[in-house]
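Q: So here's entry25.pdb, just PDB, C-alpha atoms:
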MODEL        1
ATOM      1  CA  MET A   1     -11.771 -17.014 -21.712  1.00  0.00           C
ATOM      2  CA  THR A   2      -9.525 -19.830 -20.531  1.00  0.00           C
ATOM      3  CA  THR A   3      -5.771 -19.473 -20.588  1.00  0.00           C
ATOM      4  CA  ILE A   4      -3.514 -22.416 -19.837  1.00  0.00           C
ATOM      5  CA  HIS A   5       0.008 -21.801 -18.534  1.00  0.00           C
ATOM      6  CA  GLN A   6       2.993 -23.898 -17.590  1.00  0.00           C
ATOM      7  CA  PHE A   7       5.602 -23.054 -14.981  1.00  0.00           C
ATOM      8  CA  ALA A   8       8.598 -21.188 -16.389  1.00  0.00           C
ATOM      9  CA  VAL A   9      12.038 -20.360 -15.076  1.00  0.00           C
ATOM     10  CA  SER A  10      12.914 -16.680 -14.792  1.00  0.00           C
ATOM     11  CA  GLU A  11      16.326 -15.061 -15.163  1.00  0.00           C
ATOM     12  CA  GLY A  12      18.370 -15.598 -11.995  1.00  0.00           C
ATOM     13  CA  GLN A  13      15.712 -17.707 -10.262  1.00  0.00           C
ATOM     14  CA  GLU A  14      17.089 -20.159  -7.733  1.00  0.00           C
ATOM     15  CA  TRP A  15      17.288 -23.836  -8.661  1.00  0.00           C
ATOM     16  CA  VAL A  16      16.942 -26.832  -6.349  1.00  0.00           C
ATOM     17  CA  LEU A  17      18.276 -30.076  -7.794  1.00  0.00           C
ATOM     18  CA  PRO A  18      18.681 -33.657  -6.601  1.00  0.00           C
ATOM     19  CA  VAL A  19      22.045 -34.573  -5.081  1.00  0.00           C
ATOM     20  CA  ASP A  20      21.983 -37.885  -6.968  1.00  0.00           C
ATOM     21  CA  ASP A  21      21.841 -37.338 -10.753  1.00  0.00           C
ATOM     22  CA  GLU A  22      19.902 -40.585 -11.249  1.00  0.00           C
ATOM     23  CA  THR A  23      16.956 -38.995  -9.436  1.00  0.00           C
ATOM     24  CA  TYR A  24      16.235 -36.736 -12.442  1.00  0.00           C
ATOM     25  CA  GLU A  25      14.701 -39.737 -14.174  1.00  0.00           C
ATOM     26  CA  VAL A  26      12.318 -40.248 -11.240  1.00  0.00           C
ATOM     27  CA  PHE A  27      11.088 -36.658 -11.462  1.00  0.00           C
ATOM     28  CA  PHE A  28      10.744 -36.860 -15.240  1.00  0.00           C
ATOM     29  CA  GLY A  29       8.741 -40.075 -14.923  1.00  0.00           C
ATOM     30  CA  LEU A  30       6.056 -38.692 -12.587  1.00  0.00           C
ATOM     31  CA  ASP A  31       2.865 -39.936 -14.229  1.00  0.00           C
ATOM     32  CA  GLY A  32       0.002 -39.033 -11.938  1.00  0.00           C
ATOM     33  CA  ARG A  33       0.320 -41.929  -9.506  1.00  0.00           C
ATOM     34  CA  SER A  34       0.586 -41.272  -5.784  1.00  0.00           C
ATOM     35  CA  LEU A  35       4.036 -41.303  -4.238  1.00  0.00           C
ATOM     36  CA  ASP A  36       2.727 -42.799  -1.001  1.00  0.00           C
ATOM     37  CA  GLY A  37       5.555 -44.821   0.540  1.00  0.00           C
ATOM     38  CA  TRP A  38       8.158 -43.222  -1.747  1.00  0.00           C
ATOM     39  CA  GLN A  39      11.615 -42.503  -0.331  1.00  0.00           C
ATOM     40  CA  PRO A  40      12.090 -38.782  -1.082  1.00  0.00           C
ATOM     41  CA  PRO A  41      15.452 -37.827  -2.567  1.00  0.00           C
ATOM     42  CA  VAL A  42      17.938 -35.417  -1.037  1.00  0.00           C
ATOM     43  CA  MET A  43      17.868 -32.015  -2.743  1.00  0.00           C
ATOM     44  CA  ARG A  44      20.373 -29.171  -2.844  1.00  0.00           C
ATOM     45  CA  ARG A  45      20.163 -25.495  -3.730  1.00  0.00           C
ATOM     46  CA  VAL A  46      22.376 -24.491  -6.672  1.00  0.00           C
ATOM     47  CA  GLU A  47      24.870 -22.023  -5.231  1.00  0.00           C
ATOM     48  CA  GLU A  48      26.784 -20.818  -8.275  1.00  0.00           C
ATOM     49  CA  GLY A  49      26.185 -17.182  -9.172  1.00  0.00           C
ATOM     50  CA  GLU A  50      23.612 -14.850  -7.697  1.00  0.00           C
ATOM     51  CA  ARG A  51      20.264 -16.614  -7.430  1.00  0.00           C
ATOM     52  CA  LEU A  52      17.000 -14.937  -6.499  1.00  0.00           C
ATOM     53  CA  TYR A  53      14.981 -16.574  -3.751  1.00  0.00           C
ATOM     54  CA  SER A  54      11.822 -18.194  -5.124  1.00  0.00           C
ATOM     55  CA  ASP A  55       8.760 -19.614  -3.414  1.00  0.00           C
ATOM     56  CA  PHE A  56       8.770 -22.082  -6.350  1.00  0.00           C
ATOM     57  CA  PRO A  57      12.482 -22.891  -6.866  1.00  0.00           C
ATOM     58  CA  TRP A  58      13.158 -24.376 -10.294  1.00  0.00           C
ATOM     59  CA  LEU A  59      13.609 -28.073 -11.014  1.00  0.00           C
ATOM     60  CA  GLY A  60      11.521 -28.208 -14.184  1.00  0.00           C
ATOM     61  CA  GLU A  61       8.054 -27.522 -15.588  1.00  0.00           C
ATOM     62  CA  HIS A  62       7.150 -31.166 -14.970  1.00  0.00           C
ATOM     63  CA  ALA A  63       7.967 -31.165 -11.238  1.00  0.00           C
ATOM     64  CA  PRO A  64       7.113 -27.932  -9.398  1.00  0.00           C
ATOM     65  CA  LEU A  65       8.839 -27.409  -6.076  1.00  0.00           C
ATOM     66  CA  LEU A  66       7.361 -25.237  -3.337  1.00  0.00           C
ATOM     67  CA  ARG A  67       8.858 -23.522  -0.312  1.00  0.00           C
ATOM     68  CA  GLN A  68       6.955 -23.198   2.977  1.00  0.00           C
ATOM     69  CA  ALA A  69       5.272 -19.894   2.028  1.00  0.00           C
ATOM     70  CA  ALA A  70       3.806 -21.489  -1.122  1.00  0.00           C
ATOM     71  CA  VAL A  71       2.691 -24.591   0.799  1.00  0.00           C
ATOM     72  CA  ASP A  72       0.987 -22.403   3.415  1.00  0.00           C
ATOM     73  CA  ALA A  73      -0.765 -20.304   0.773  1.00  0.00           C
ATOM     74  CA  LEU A  74      -1.773 -23.046  -1.683  1.00  0.00           C
ATOM     75  CA  ALA A  75      -2.059 -26.424   0.078  1.00  0.00           C
ATOM     76  CA  ALA A  76      -5.872 -26.361   0.212  1.00  0.00           C
ATOM     77  CA  THR A  77      -6.134 -25.287  -3.437  1.00  0.00           C
ATOM     78  CA  LEU A  78      -3.682 -27.972  -4.569  1.00  0.00           C
ATOM     79  CA  ALA A  79      -5.245 -30.864  -2.609  1.00  0.00           C
ATOM     80  CA  PRO A  80      -7.747 -31.909  -5.333  1.00  0.00           C
ATOM     81  CA  TYR A  81      -4.985 -31.940  -7.966  1.00  0.00           C
ATOM     82  CA  GLY A  82      -2.103 -33.722  -6.319  1.00  0.00           C
ATOM     83  CA  GLU A  83      -0.023 -34.284  -3.252  1.00  0.00           C
ATOM     84  CA  LEU A  84       2.682 -32.221  -1.602  1.00  0.00           C
ATOM     85  CA  VAL A  85       5.641 -34.448  -0.778  1.00  0.00           C
ATOM     86  CA  ALA A  86       8.365 -33.177   1.545  1.00  0.00           C
ATOM     87  CA  LEU A  87      11.825 -33.733   0.086  1.00  0.00           C
ATOM     88  CA  ARG A  88      15.034 -34.143   2.068  1.00  0.00           C
ATOM     89  CA  GLY A  89      18.004 -31.801   2.302  1.00  0.00           C
ATOM     90  CA  GLU A  90      16.775 -28.435   1.059  1.00  0.00           C
ATOM     91  CA  LYS A  91      13.428 -27.630   2.690  1.00  0.00           C
ATOM     92  CA  VAL A  92      11.104 -27.933  -0.321  1.00  0.00           C
ATOM     93  CA  TRP A  93       7.987 -29.869  -1.261  1.00  0.00           C
ATOM     94  CA  LEU A  94       7.326 -31.550  -4.572  1.00  0.00           C
ATOM     95  CA  LEU A  95       3.910 -31.007  -6.113  1.00  0.00           C
ATOM     96  CA  ASN A  96       3.165 -34.458  -7.467  1.00  0.00           C
ATOM     97  CA  VAL A  97       0.222 -33.768  -9.762  1.00  0.00           C
ATOM     98  CA  THR A  98      -2.228 -36.673  -9.755  1.00  0.00           C
ATOM     99  CA  LYS A  99      -4.891 -34.914 -11.856  1.00  0.00           C
ATOM    100  CA  VAL A 100      -4.199 -36.312 -15.330  1.00  0.00           C
ATOM    101  CA  ILE A 101      -6.453 -35.125 -18.150  1.00  0.00           C
ATOM    102  CA  ASP A 102      -6.232 -36.392 -21.723  1.00  0.00           C
ATOM    103  CA  ALA A 103      -7.004 -32.911 -23.076  1.00  0.00           C
ATOM    104  CA  LEU A 104      -4.347 -32.471 -25.761  1.00  0.00           C
ATOM    105  CA  ASP A 105      -5.933 -31.594 -29.104  1.00  0.00           C
ATOM    106  CA  GLU A 106      -3.348 -33.340 -31.267  1.00  0.00           C
ATOM    107  CA  ALA A 107      -4.867 -32.224 -34.562  1.00  0.00           C
ATOM    108  CA  ASN A 108      -4.388 -28.548 -33.678  1.00  0.00           C
ATOM    109  CA  SER A 109      -1.108 -28.870 -31.765  1.00  0.00           C
ATOM    110  CA  ARG A 110       2.336 -28.811 -33.362  1.00  0.00           C
ATOM    111  CA  ILE A 111       3.911 -32.117 -32.294  1.00  0.00           C
ATOM    112  CA  VAL A 112       7.342 -33.556 -33.042  1.00  0.00           C
ATOM    113  CA  ARG A 113       7.272 -37.333 -33.023  1.00  0.00           C
ATOM    114  CA  PHE A 114       9.774 -40.148 -32.839  1.00  0.00           C
ATOM    115  CA  ASP A 115       9.857 -42.551 -35.802  1.00  0.00           C
ATOM    116  CA  ASP A 116       7.565 -44.932 -33.889  1.00  0.00           C
ATOM    117  CA  GLY A 117       4.918 -42.198 -33.488  1.00  0.00           C
ATOM    118  CA  ASP A 118       5.508 -41.434 -29.814  1.00  0.00           C
ATOM    119  CA  ILE A 119       5.644 -37.758 -28.872  1.00  0.00           C
ATOM    120  CA  LEU A 120       9.149 -36.288 -28.649  1.00  0.00           C
ATOM    121  CA  ALA A 121       8.116 -32.678 -28.043  1.00  0.00           C
ATOM    122  CA  ILE A 122       5.154 -30.365 -28.354  1.00  0.00           C
ATOM    123  CA  GLU A 123       6.081 -27.074 -29.994  1.00  0.00           C
ATOM    124  CA  ARG A 124       2.581 -25.575 -29.812  1.00  0.00           C
ATOM    125  CA  TYR A 125      -0.214 -26.734 -27.552  1.00  0.00           C
ATOM    126  CA  ALA A 126      -3.923 -26.900 -28.268  1.00  0.00           C
ATOM    127  CA  PHE A 127      -6.353 -28.262 -25.704  1.00  0.00           C
ATOM    128  CA  ASP A 128      -9.934 -29.462 -25.513  1.00  0.00           C
ATOM    129  CA  ALA A 129     -11.337 -26.936 -23.035  1.00  0.00           C
ATOM    130  CA  ALA A 130     -14.359 -29.115 -22.261  1.00  0.00           C
ATOM    131  CA  LYS A 131     -12.087 -31.885 -20.965  1.00  0.00           C
ATOM    132  CA  ILE A 132     -10.167 -29.452 -18.745  1.00  0.00           C
ATOM    133  CA  GLY A 133     -13.320 -27.886 -17.335  1.00  0.00           C
ATOM    134  CA  THR A 134     -12.527 -25.923 -14.181  1.00  0.00           C
ATOM    135  CA  ALA A 135      -9.392 -27.888 -13.255  1.00  0.00           C
ATOM    136  CA  GLU A 136      -6.809 -25.400 -12.017  1.00  0.00           C
ATOM    137  CA  VAL A 137      -3.869 -27.832 -12.191  1.00  0.00           C
ATOM    138  CA  PHE A 138      -3.300 -30.914 -14.377  1.00  0.00           C
ATOM    139  CA  LYS A 139      -0.864 -33.000 -16.406  1.00  0.00           C
ATOM    140  CA  LEU A 140      -1.266 -34.795 -19.698  1.00  0.00           C
ATOM    141  CA  PRO A 141      -1.057 -38.621 -19.807  1.00  0.00           C
ATOM    142  CA  MET A 142       2.406 -38.650 -21.363  1.00  0.00           C
ATOM    143  CA  ARG A 143       5.893 -39.101 -20.021  1.00  0.00           C
ATOM    144  CA  GLY A 144       7.488 -35.869 -18.846  1.00  0.00           C
ATOM    145  CA  SER A 145       4.298 -33.839 -19.182  1.00  0.00           C
ATOM    146  CA  PRO A 146       4.638 -30.293 -17.907  1.00  0.00           C
ATOM    147  CA  VAL A 147       2.311 -29.274 -15.116  1.00  0.00           C
ATOM    148  CA  PHE A 148      -0.355 -26.990 -16.559  1.00  0.00           C
ATOM    149  CA  VAL A 149      -2.326 -24.387 -14.614  1.00  0.00           C
ATOM    150  CA  ASN A 150      -5.192 -22.108 -15.541  1.00  0.00           C
ATOM    151  CA  GLU A 151      -5.493 -18.349 -15.058  1.00  0.00           C
ATOM    152  CA  VAL A 152      -7.370 -18.842 -11.763  1.00  0.00           C
ATOM    153  CA  PHE A 153      -4.342 -20.615 -10.280  1.00  0.00           C
ATOM    154  CA  VAL A 154      -1.923 -18.001 -11.656  1.00  0.00           C
ATOM    155  CA  GLU A 155      -4.043 -15.305 -10.016  1.00  0.00           C
ATOM    156  CA  ARG A 156      -4.047 -17.221  -6.696  1.00  0.00           C
ATOM    157  CA  VAL A 157      -0.233 -17.278  -6.758  1.00  0.00           C
ATOM    158  CA  ARG A 158      -0.065 -13.559  -7.532  1.00  0.00           C
ATOM    159  CA  ASN A 159      -2.638 -12.663  -4.851  1.00  0.00           C
ATOM    160  CA  ALA A 160      -0.739 -14.718  -2.262  1.00  0.00           C
ATOM    161  CA  GLY A 161       2.315 -12.499  -2.813  1.00  0.00           C
ATOM    162  CA  LEU A 162       4.566 -15.448  -3.603  1.00  0.00           C
ATOM    163  CA  ARG A 163       7.972 -14.368  -4.859  1.00  0.00           C
ATOM    164  CA  ASN A 164       9.788 -15.080  -8.121  1.00  0.00           C
ATOM    165  CA  VAL A 165       7.237 -17.449  -9.637  1.00  0.00           C
ATOM    166  CA  SER A 166       6.885 -17.360 -13.415  1.00  0.00           C
ATOM    167  CA  PHE A 167       4.325 -18.792 -15.785  1.00  0.00           C
ATOM    168  CA  GLU A 168       4.304 -19.036 -19.543  1.00  0.00           C
ATOM    169  CA  PRO A 169       0.951 -18.977 -21.345  1.00  0.00           C
ATOM    170  CA  VAL A 170       0.747 -21.864 -23.819  1.00  0.00           C
ATOM    171  CA  TRP A 171      -2.888 -21.754 -24.973  1.00  0.00           C
ATOM    172  CA  ALA A 172      -5.858 -19.418 -24.794  1.00  0.00           C
ATOM    173  CA  SER A 173      -9.488 -20.249 -25.622  1.00  0.00           C
ATOM    174  CA  GLY A 174      -8.747 -22.591 -28.466  1.00  0.00           C
ATOM    175  CA  THR A 175      -5.965 -20.484 -29.939  1.00  0.00           C
ATOM    176  CA  ALA A 176      -2.423 -21.791 -29.717  1.00  0.00           C
ATOM    177  CA  ILE A 177       0.164 -19.352 -28.491  1.00  0.00           C
ATOM    178  CA  ALA A 178       3.244 -19.392 -30.720  1.00  0.00           C
TER     179      ALA A 178
ENDMDL
END
Before anything else, please render the file you have as structure tokens.

A:
Amino acid sequence: MTTIHQFAVSEGQEWVLPVDDETYEVFFGLDGRSLDGWQPPVMRRVEEGERLYSDFPWLGEHAPLLRQAAVDALAATLAPYGELVALRGEKVWLLNVTKVIDALDEANSRIVRFDDGDILAIERYAFDAAKIGTAEVFKLPMRGSPVFVNEVFVERVRNAGLRNVSFEPVWASGTAIA
């Protein structure tokens, strides 16, 4: 049985955000291309309120950030699926996923569209498991795609003892998760 997850933020989890608000658009626009030669932005840890340390501090489901412990534990696993890019300021790495798979089963997904037909949001995912194969990490070929991981990757994170990392299951063996 294949289960596909996306990264999720947990209650009280620490956030790391760009210092320059215009950088959000850069993160949202990550589309699978290499960031070789890219000038990494300066990041800052959100200090308001009590925040729990996380080996994957939150920026968004489309741009996972990793701390050193996560890089040490997962760099070899992640290499076929993307690149780890050191950011400036807060000591974190961006996982820029370069494994893009056109695996969305649109007919069985619940999709909200703009008037021109482009996808606004996906309320329920369905995937073509054959297209995903054994890929542990991937994105869809659409702007702002979340990073998806399979149960093997989730288990790797858990077995590595990484702290305060959450995943949300979005699809299991052809059955959408509501």

Q: Can you list, as an NGL selection string, every protein, DNA or RNA residue that comes within 9 Å of A:Pro57 when you count all atoms listed in the file, leaving out same-chain residues fewer than 3 positions away?

A: :A and (9 or 13-16 or 45 or 53-54 or 64-67 or 92 or 164-165)

Q: For each of A:Met43, A:Met1, A:Ile119, A:Leu95, take the minimum atom-to-atom distance to A:Gly133, counting all atoms listed in the file, then give the residue where this is smallest.

A: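 Of A:Met43, A:Met1, A:Ile119, A:Leu95, the one nearest A:Gly133 is A:Met1, counting all atoms listed in the file.
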
Q: So the first atom is atom CA of A:Gly144 and the second is atom CA of A:Trp93; what is the distance between them in Å, to one decimal place?

A: 18.6 Å

Q: Using the chain letters and numbers from the file, give me the residues hit by the PyMOL selection byres ((chain A and resi 103) around 7), as a PyMOL selection string.

A: chain A and resi 101-102+104-105+127-128+131-132+140

Q: Excluding stretch 21-34 of chain A and its own-chain neighbours fewer than 3 positions away, which residues fall within 6 Å of it when counting only C-alpha atoms? Please give them as an NGL selection string.

A: :A and (97-98 or 143-144)

Q: Compare A:Glu168, A:Pro80, A:Ser173, A:Ala86 by their minimum atom-to-atom distance to A:Ser10, counting all atoms listed in the file, and give me the closest one.

A: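 Of all the options, A:Glu168 lies closest to A:Ser10.
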
Q: Just the residues within 10 Å of A:Phe153, please, counting all atoms listed in the file, with nothing from its chain fewer than 5 positions along; format it as a list in words.

A: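 Skipping anything fewer than 5 positions along the chain leaves Ile4, His5, Leu74, Thr77, Leu78, Ala135, Glu136, Val137, Phe148, Arg158 and Asn159 of chain A.
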
Q: May I have the selected residues written with C-alpha atoms, as a short mmCIF file (atom, residue, chain, number, x, y, z; two decimals), in the coordinates of the input?

A:
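Result file follows (part.cif):
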data_model
loop_
_atom_site.label_atom_id
_atom_site.label_comp_id
_atom_site.auth_asym_id
_atom_site.auth_seq_id
_atom_site.Cartn_x
_atom_site.Cartn_y
_atom_site.Cartn_z
CA ILE A 4 -3.51 -22.42 -19.84
CA HIS A 5 0.01 -21.80 -18.53
CA LEU A 74 -1.77 -23.05 -1.68
CA THR A 77 -6.13 -25.29 -3.44
CA LEU A 78 -3.68 -27.97 -4.57
CA ALA A 135 -9.39 -27.89 -13.26
CA GLU A 136 -6.81 -25.40 -12.02
CA VAL A 137 -3.87 -27.83 -12.19
CA PHE A 148 -0.36 -26.99 -16.56
CA ARG A 158 -0.06 -13.56 -7.53
CA ASN A 159 -2.64 -12.66 -4.85
#

Q: Would you mind telling me which residue in A:Val112, A:Ala70, A:Leu94, A:Val42 lies nearest to A:Val147 when using only C-alpha atoms?

A: A:Leu94

Q: From the list A:Asn108, A:Arg44, A:Leu84, A:Leu162, which residue is nearest A:Asp20 when using all atoms listed in the file?

A: A:Arg44

Q: By how many Å are atom CA of A:Asn96 and atom CA of A:Thr134 apart?

A: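 Distance between the two atoms: 19.1 Å.
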
Q: Between A:Gln39, A:Ser145, A:Gln68, A:Ser109, which residue has the minimum interatomic distance to A:Trp171, considering all atoms listed in the file?

A: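 Between A:Gln39, A:Ser145, A:Gln68, A:Ser109, the residue approaching A:Trp171 most closely is A:Ser109.
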
Q: Any idea what the distance is between atom CA of A:Gly82 and atom CA of A:Phe138?

A: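 Atom-to-atom, atom CA of A:Gly82 to atom CA of A:Phe138, that is 8.6 Å.
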
Q: Tell me which of A:Ala130, A:Leu87, A:Asp115, A:Asp55 sits closest to A:Asp72, counting all atoms listed in the file.

A: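 Selected residue with least distance to A:Asp72: A:Asp55.
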
Q: Which centre and which edge lengths, in Å to one decimal, describe the axis-aligned box that holds all listed atoms of stretch 1-7 of chain A after 3 Å is added on each side, as lines of an AutoDock Vina configuration file?

A:
center_x = -3.1
center_y = -20.5
center_z = -18.3
size_x = 23.4
size_y = 12.9
size_z = 12.7
